[in-house]
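Peer 1: The structure that follows is given in the form of structure tokens.
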Amino acid sequence: MNLSIKALKTDRQWRSATGLDHKRFAKLLGWFEQSYRQIYDKSIEERQAECPDEPALST
């Protein structure tokens, strides 16, 4: 099962997988990224690079 948003091409696929179309999902994702940076003062990629253990979720 592919859980990557990169595989979603149509609005129907976006709504089926996320409940939102691509435009609304991108807006929501921006809010989540901003909140994550406020909490941890780093992006997810920066924190994963510093972690000595392999992350359970890579995306």
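Naming scheme: A, B, ... for chains in displayed order of the structure tokens; residues 1 onward per chain; ligands 1 onward as shown.
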Do you know which residues are at most 12 Å from stretch 7-11 of chain A counting only C-alpha atoms, after dropping those on the same chain fewer than 2 positions away, and could you put them as a ChimeraX atom specification?
Peer 2: /A:1-5,13-25
Peer 1: Output the selection as an mmCIF file, in the first residue's frame - N, CA and C atoms for each residue.
Peer 2:
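Result written to out-v2.cif:
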data_model
loop_
_atom_site.group_PDB
_atom_site.id
_atom_site.type_symbol
_atom_site.label_atom_id
_atom_site.label_comp_id
_atom_site.auth_asym_id
_atom_site.auth_seq_id
_atom_site.Cartn_x
_atom_site.Cartn_y
_atom_site.Cartn_z
ATOM 1 N N MET A 1 0.840 -1.181 0.000
ATOM 2 C CA MET A 1 0.000 0.000 0.000
ATOM 3 C C MET A 1 0.885 1.244 0.000
ATOM 4 N N ASN A 2 0.669 2.107 -0.970
ATOM 5 C CA ASN A 2 1.449 3.331 -1.084
ATOM 6 C C ASN A 2 0.773 4.437 -0.292
ATOM 7 N N LEU A 3 1.454 4.987 0.715
ATOM 8 C CA LEU A 3 0.891 6.043 1.541
ATOM 9 C C LEU A 3 1.510 7.404 1.234
ATOM 10 N N SER A 4 2.215 7.519 0.142
ATOM 11 C CA SER A 4 2.863 8.762 -0.219
ATOM 12 C C SER A 4 1.899 9.686 -0.946
ATOM 13 N N ILE A 5 1.920 10.968 -0.600
ATOM 14 C CA ILE A 5 1.066 11.923 -1.306
ATOM 15 C C ILE A 5 1.590 12.197 -2.708
ATOM 16 N N GLN A 13 -8.559 11.155 -6.020
ATOM 17 C CA GLN A 13 -7.571 10.440 -5.204
ATOM 18 C C GLN A 13 -7.219 11.248 -3.958
ATOM 19 N N TRP A 14 -7.038 12.555 -4.118
ATOM 20 C CA TRP A 14 -6.720 13.416 -2.972
ATOM 21 C C TRP A 14 -7.835 13.367 -1.937
ATOM 22 N N ARG A 15 -9.082 13.514 -2.390
ATOM 23 C CA ARG A 15 -10.207 13.505 -1.450
ATOM 24 C C ARG A 15 -10.378 12.135 -0.807
ATOM 25 N N SER A 16 -10.124 11.075 -1.549
ATOM 26 C CA SER A 16 -10.247 9.735 -1.008
ATOM 27 C C SER A 16 -9.195 9.470 0.069
ATOM 28 N N ALA A 17 -7.976 9.912 -0.171
ATOM 29 C CA ALA A 17 -6.869 9.632 0.755
ATOM 30 C C ALA A 17 -6.828 10.588 1.941
ATOM 31 N N THR A 18 -7.199 11.856 1.719
ATOM 32 C CA THR A 18 -7.016 12.859 2.767
ATOM 33 C C THR A 18 -8.298 13.535 3.222
ATOM 34 N N GLY A 19 -9.357 13.413 2.436
ATOM 35 C CA GLY A 19 -10.592 14.118 2.753
ATOM 36 C C GLY A 19 -10.596 15.538 2.214
ATOM 37 N N LEU A 20 -9.509 15.946 1.574
ATOM 38 C CA LEU A 20 -9.367 17.295 1.036
ATOM 39 C C LEU A 20 -8.844 17.235 -0.394
ATOM 40 N N ASP A 21 -9.136 18.292 -1.168
ATOM 41 C CA ASP A 21 -8.491 18.364 -2.480
ATOM 42 C C ASP A 21 -7.045 18.820 -2.279
ATOM 43 N N HIS A 22 -6.262 18.776 -3.338
ATOM 44 C CA HIS A 22 -4.830 19.073 -3.234
ATOM 45 C C HIS A 22 -4.579 20.487 -2.700
ATOM 46 N N LYS A 23 -5.326 21.460 -3.174
ATOM 47 C CA LYS A 23 -5.124 22.852 -2.753
ATOM 48 C C LYS A 23 -5.360 23.023 -1.253
ATOM 49 N N ARG A 24 -6.428 22.466 -0.745
ATOM 50 C CA ARG A 24 -6.730 22.588 0.686
ATOM 51 C C ARG A 24 -5.753 21.789 1.536
ATOM 52 N N PHE A 25 -5.335 20.625 1.035
ATOM 53 C CA PHE A 25 -4.350 19.833 1.770
ATOM 54 C C PHE A 25 -3.031 20.585 1.876
#
Peer 1: Please return as a ChimeraX atom specification: the residues of chain A that backbone DSSP assigns to helix (DSSP H, G or I).
Peer 2: /A:5-7,11-18,22-40,44-50
Peer 1: Atom CA of A:Lys6 and atom CA of A:Leu57 are how many Å apart?
Peer 2: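 That distance, rounded to one decimal, is 15.7 Å.
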Peer 1: Quick one: pull the distance between atom CA of A:Arg12 and atom CA of A:Gly30, Å, one decimal.
Peer 2: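 Separation of atom CA of A:Arg12 and atom CA of A:Gly30: 21.2 Å.
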Peer 1: Between atom CA of A:Tyr36 and atom CA of A:Gln48, what distance in Å does the model show, to one decimal?
Peer 2: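 Value for the atom CA of A:Tyr36-atom CA of A:Gln48 distance: 13.1 Å.
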